[in-house]
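Student: Below: one structure in structure tokens.
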Amino acid sequence: MKKLRSVTRRDALKIAAAGAALPLVHMQTANAAGTLKVALWDHWVPAANPVMLKLISDWGAKNHVDVSVDLLSSGTANAKLLLAPAAESLAGTGHDIMTFQSWGVQQYATHLEPIDDVMDGLIKQYGTIDAVSEYLGKANGHWMGLPTSVGSQYKPACARISYFKKAGYDVEKWYPNAQGNAKAAADWTYDTMLKIAPGAKAAGLPFGLGLGLTTDSVDWTGAALTAHGAVLVDAKGNMQLRSDPVQQVLEYMQRIYPSLPADTVTYDDASNNKALISGQSALIFNPPSAWWVARRDAIKVAEDCWTFPSPSGAKGRFNPYLPFFWGVWSFSPNKTSAKELITWLQQRSQIETLCNASAGYDIPPFASMHDFEIWSTEKPPVGTLYNYPIRPWHDTQSSMAGWPAPPRIAVQLYNNATFNVMVVKLAKNKESMKSVLDWAENEISGYINM
Amino acid sequence: MADGTTSVSAHALRGFAPPARRSGLQRFAQRRSTIAIVMCLPLIALIAGLVVYPFFYSIYLSMLNRTATRFIGLFNYRYLLRSDTFNLVIFQSCFFAITAVFFKALIGFILAHVMHNISGRDQRIWRGLLLVPWVIPPALSTLGFWWMLSGNYSAVNWILAQFGIHGVAWLANTWTARIWVVIVNVWFGTPFFMIMYLATLKSVPEQLYEAATIDGANFLQKIRYISLPMLRNIISITVLFSLIVTFANFDIVQILTAGAPANTTHVFATYAFQLGIQGGNISLGAAVSLFIFPILAVFSIFILRGVGRRAREGI
């Protein structure tokens with residue numbers, strides 16, 4: 001029988017030293033981080049995914065990091081982007097980098113690695129970051145998620161040029177395809193919208209504004225509240241339900257409700273898109289995705305669309321904003337390389353490449369990046385998306401429904417669509433203002449005490 | 001024989017005895033009960049891993065705070081019971097499940113009798129056609145219904161318009177939306193009842209009906225005095241089974257209304273999804289989903305007690 005080679009004490013020491021050094025080397029730099037597991041949003045613009053994968057592959061090759069990417073879908077019934085972080089945070093294992101929709105960073109902040117170092121560097125490079133991104137991306141004063149451009153979207157107005165002209169308003173003059181002046185759009189207010197809404201319905205083009213329970217419905221009513229200075233819960237967590245501004249917005253909604261589509265209370269995030277594309281609506285609040293589908297399927301409708309900021313109220317003009325974030329799990333074994341990758345992807349050149357691939361859908365969190373050429377050149381008509389990003393002269397701010405309540409309360413206001421339910425009770429079910437406010441008080445006091 | 005005692009006797013006959021400990025182990029391993037348990041172990045492990053553990057884990061989760069970092073006892077349950085929205089969810093869940101199961105059982109019962117009276121090849125064709133709704137994935141068929149009813153492209157409204165009838169916002173009114181989610185569930189689930197009742201009807205001796213005919217019983221009397229007593233157990237079991245599945249239904253409501261208008265069509269599963277997954281409050285979502293358990297436990301006790309009693313009485 002062949003004698004097995006015995007391991008000497010010297011051999012054992014060598015193996016032990018090599019074994020101990022191995023993880024240290026792997027963790028020190030991106031160059032030796034092993035497989036970096038990344039969960040990204042499966043973009044609604046299919047052309048955007050291969051470009052993102054190519055960028056990541058190039059970065060991996062350059063830095064000698066093996067990167068695996070999973071694309072997670074979002075949607076009402078196929079919400080992998082919601083399920084994956086829930087499962088991974090409970091299991092304490094999974095990807096290294098996770099994508100979060102709007103409230104995700106706040107929900108999982110205790111499981112995330114602070115990225116102040118990354119964000120401080122980026123803010124120094126690119127200037128002020130959007131206020132909503134900061135509200136949602138920071139927890140206890142620390143950046144826990146990086147606001148990414150990929151998936152982040154404004155939901156401004158997308159209107160039929162011809163109908164607004166017929167009603168006496170030229171949307172291209174309000175917001176031209178070039179540097180303009182906020183004063184030119186002074187007429188574009190919630191009162192104007194209320195004035196022309198009945199005519200739109202009579203013409204068979206009711207404004208596709210939902211009062212349902214999903215994000216598009218919640219976002220536009222949230223912006224309307226903010227534009228009128230109304231908050232359901234203030235920044236200190238106190239209920240402000242029985243205030244004049246809240247009642248004013250409720251009454252406004254009561255007045256505009258008869259001019260909205262018959263099924264407005266059951267609108268989901270696809271209903272407004274379909275209303276515009278099928279030529280049944282003169283106005284929706286949405287990212288340009290509806291216009292793109294119209295460009296493909298109903299070119300006459302697309303040629304008649306113009307995107308521009310939301311109407312203004314007594315306290316200003318606010319565009320609904322839905323940012324996406326990238327976060328690094330605190331249990332990730334590859335934190336260093338994860339941070340290096342997201343920092344690299346957040347550079348202007350990469351963001352512009354990704355924005356071009358998404359045909360201008362993605363909105364960068366830095367105002368200094370709202371000048372990409374793609375928004376000037378997309379057509380038809382030329383410049384239809386020029387005013388999709390907030391330009392410095394728009395005199396417009398971004399808005400998040402639920403703001404300025406502490407995020408733990410605001411997320412419940414948002415996800416339970418509390419204000420929309422109030423509107424439905426008041427405007428559709430004809431309940432009294434007192435009964436609606438009593439109902440909301442009971443619900444919101446539950447959110448506050450949770 | 002695989003009996004341990006016989007094996008030891010054989011050793012003794014050959015004039016030697018194996019060590020006592022080994023013999024004991026062998027006896028234990030060769031017992032029928034031991035073999036049965038060993039053979040069931042994979043199934044027991046599967047049920048323990050996929051049913052028992054998640055059940056107790058969800059009870060544990062439901063007693064944690066919003067970020068699942070602190071034990072808060074029954075706070076989530078107290079919060080839910082004080083919420084008007086959740087009380088609406090309890091009502092809608094019960095209305096949805098009980099109404100849908102009642103109509104599934106009724107229509108299934110009628111269809112089974114109709115099928116039973118069709119003979120030969122025709123019955124096979126009709127049976128196959130009537131099973132189609134059950135074979136199509138419910139998510140797809142619900143999407144079909146959604147397209148027929150949605151505000152933008154409603155086919156139903158288009159047909160009504162051909163007769164000069166103004167379209168109805170089917171899913172935008174609380175009661176029409178509630179009724180439509182029931183209708184879709186009935187459409188999907190009725191074939192299951194039909195096939196179960198039809199299988200049982202085929203085992204009812206034909207002589208009973210012949211004797212009843214000779215005695216002058218009409219169609220309804222035959223159903224009242226023959227079919228119903230013979231089908232009582234299978235009706236109980238299918239109703240219980242369907243109640244469990246319907247109470248836990250998610251896809252039909254989520255796709256058709258997603259809880260709208262104003263949360264009035266939410267059932268336990270969709271509301272748990274809204275709070276737990278979309279709202280990021282897994283603990284509260286777990287508490288919502290656990291409310292199904294006591295309701296189903298009550299139904300199960302009553303229905304199974306009836307089945308057991310009839311089995312003992314040989315009915």
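Here's how to read the names in the structure tokens: chain A, B, ... by the order shown, residue numbers from 1 in each chain, ligand numbers from 1 in the order shown.
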Would you tabulate, counting only C-alpha atoms, all residues of chain B that have an atom at most 6 Å from an atom of chain A, showing the closest pair of atoms and their distance in Å to one decimal, sorted by chain then ascending number, as a Markdown table?
Tutor:
| residue | atom | partner | partner_atom | distance |
| --- | --- | --- | --- | --- |
| B:Gly151 | CA | A:Asp263 | CA | 5.7 |
| B:Ala169 | CA | A:Asp263 | CA | 5.5 |
| B:Ala172 | CA | A:Asp263 | CA | 5.0 |
| B:Ala260 | CA | A:Thr266 | CA | 5.2 |
| B:Pro261 | CA | A:Thr266 | CA | 5.3 |
| B:Ala262 | CA | A:Val421 | CA | 4.9 |
| B:Gly279 | CA | A:Asn415 | CA | 5.5 |
| B:Gly280 | CA | A:Gln107 | CA | 5.8 |
Student: With DSSP run on the backbone, what are the helix (DSSP H, G or I) residues within range 38-212 of chain B? I'd like them as number ranges by chain.
Tutor: B: 38-61, 75-82, 84-116, 120-135, 138-149, 155-162, 174-203, 206-212
Student: Restrict the calculation to only C-alpha atoms, then for each residue of range 209-289 of chain B with any atom at most 12 Å from an atom of range 183-194 of chain B give the closest atom pair and their distance in Å to one decimal, rows by chain and rising residue number, as a Markdown table.
Tutor:
| residue | atom | partner | partner_atom | distance |
| --- | --- | --- | --- | --- |
| B:Leu231 | CA | B:Phe193 | CA | 11.5 |
| B:Ile234 | CA | B:Phe193 | CA | 9.4 |
| B:Ile235 | CA | B:Phe193 | CA | 8.3 |
| B:Ser236 | CA | B:Phe193 | CA | 11.1 |
| B:Ile237 | CA | B:Phe193 | CA | 10.3 |
| B:Thr238 | CA | B:Phe193 | CA | 6.8 |
| B:Val239 | CA | B:Phe193 | CA | 8.5 |
| B:Leu240 | CA | B:Phe193 | CA | 11.5 |
| B:Phe241 | CA | B:Phe193 | CA | 10.3 |
| B:Ser242 | CA | B:Gly189 | CA | 8.2 |
| B:Leu243 | CA | B:Gly189 | CA | 11.0 |
| B:Val245 | CA | B:Gly189 | CA | 9.9 |
| B:Thr246 | CA | B:Asn185 | CA | 8.0 |
| B:Phe247 | CA | B:Asn185 | CA | 11.1 |
| B:Asn249 | CA | B:Asn185 | CA | 9.0 |
| B:Phe250 | CA | B:Asn185 | CA | 10.8 |
| B:Asp251 | CA | B:Asn185 | CA | 10.0 |
| B:Ile252 | CA | B:Asn185 | CA | 7.1 |
| B:Val253 | CA | B:Asn185 | CA | 9.2 |
| B:Ile255 | CA | B:Val184 | CA | 11.1 |
| B:Leu256 | CA | B:Val184 | CA | 9.2 |
| B:Thr257 | CA | B:Val184 | CA | 11.9 |
Student: Between CA of Phe291 in chain B and CA of Ala97 in chain B, measure the distance and give it in Å to one decimal.
Tutor: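 Computing the Euclidean distance for CA of Phe291 in chain B and CA of Ala97 in chain B yields 14.0 Å.
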Student: Within 9 Å of Ala302 in chain A, counting only C-alpha atoms, which residues qualify if same-chain residues fewer than 3 places away don't, as a list of chain:residue names?
Tutor: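 My list of contacting residues is A:Arg160, A:Ile277, A:Ala290, A:Trp291, A:Trp292, A:Val293, A:Ala294, A:Arg295, A:Arg296, A:Asp297, A:Ala298, A:Ile299, A:Cys305, A:Trp306, A:Lys379, A:Pro380, A:Pro381.
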Student: Just to confirm, what's the straight-line distance from CA of Leu322 in chain A to CA of Ile123 in chain A in Å (one decimal)?
Tutor: 19.7 Å
Student: So that I can see what lies close to Glu134 in chain A, please list as a list in words the residues with an atom at most 9 Å from it, counting only C-alpha atoms and leaving out residues fewer than 5 positions away in the same chain.
Tutor: Ile129, Trp143 and Pro147 of chain A
Student: Quick one: residues within 10 Å of Ala186 in chain A, only C-alpha atoms, excluding same-chain residues fewer than 2 positions away - as a PyMOL selection string?
Tutor: chain A and resi 174+181-184+188-189+311-312
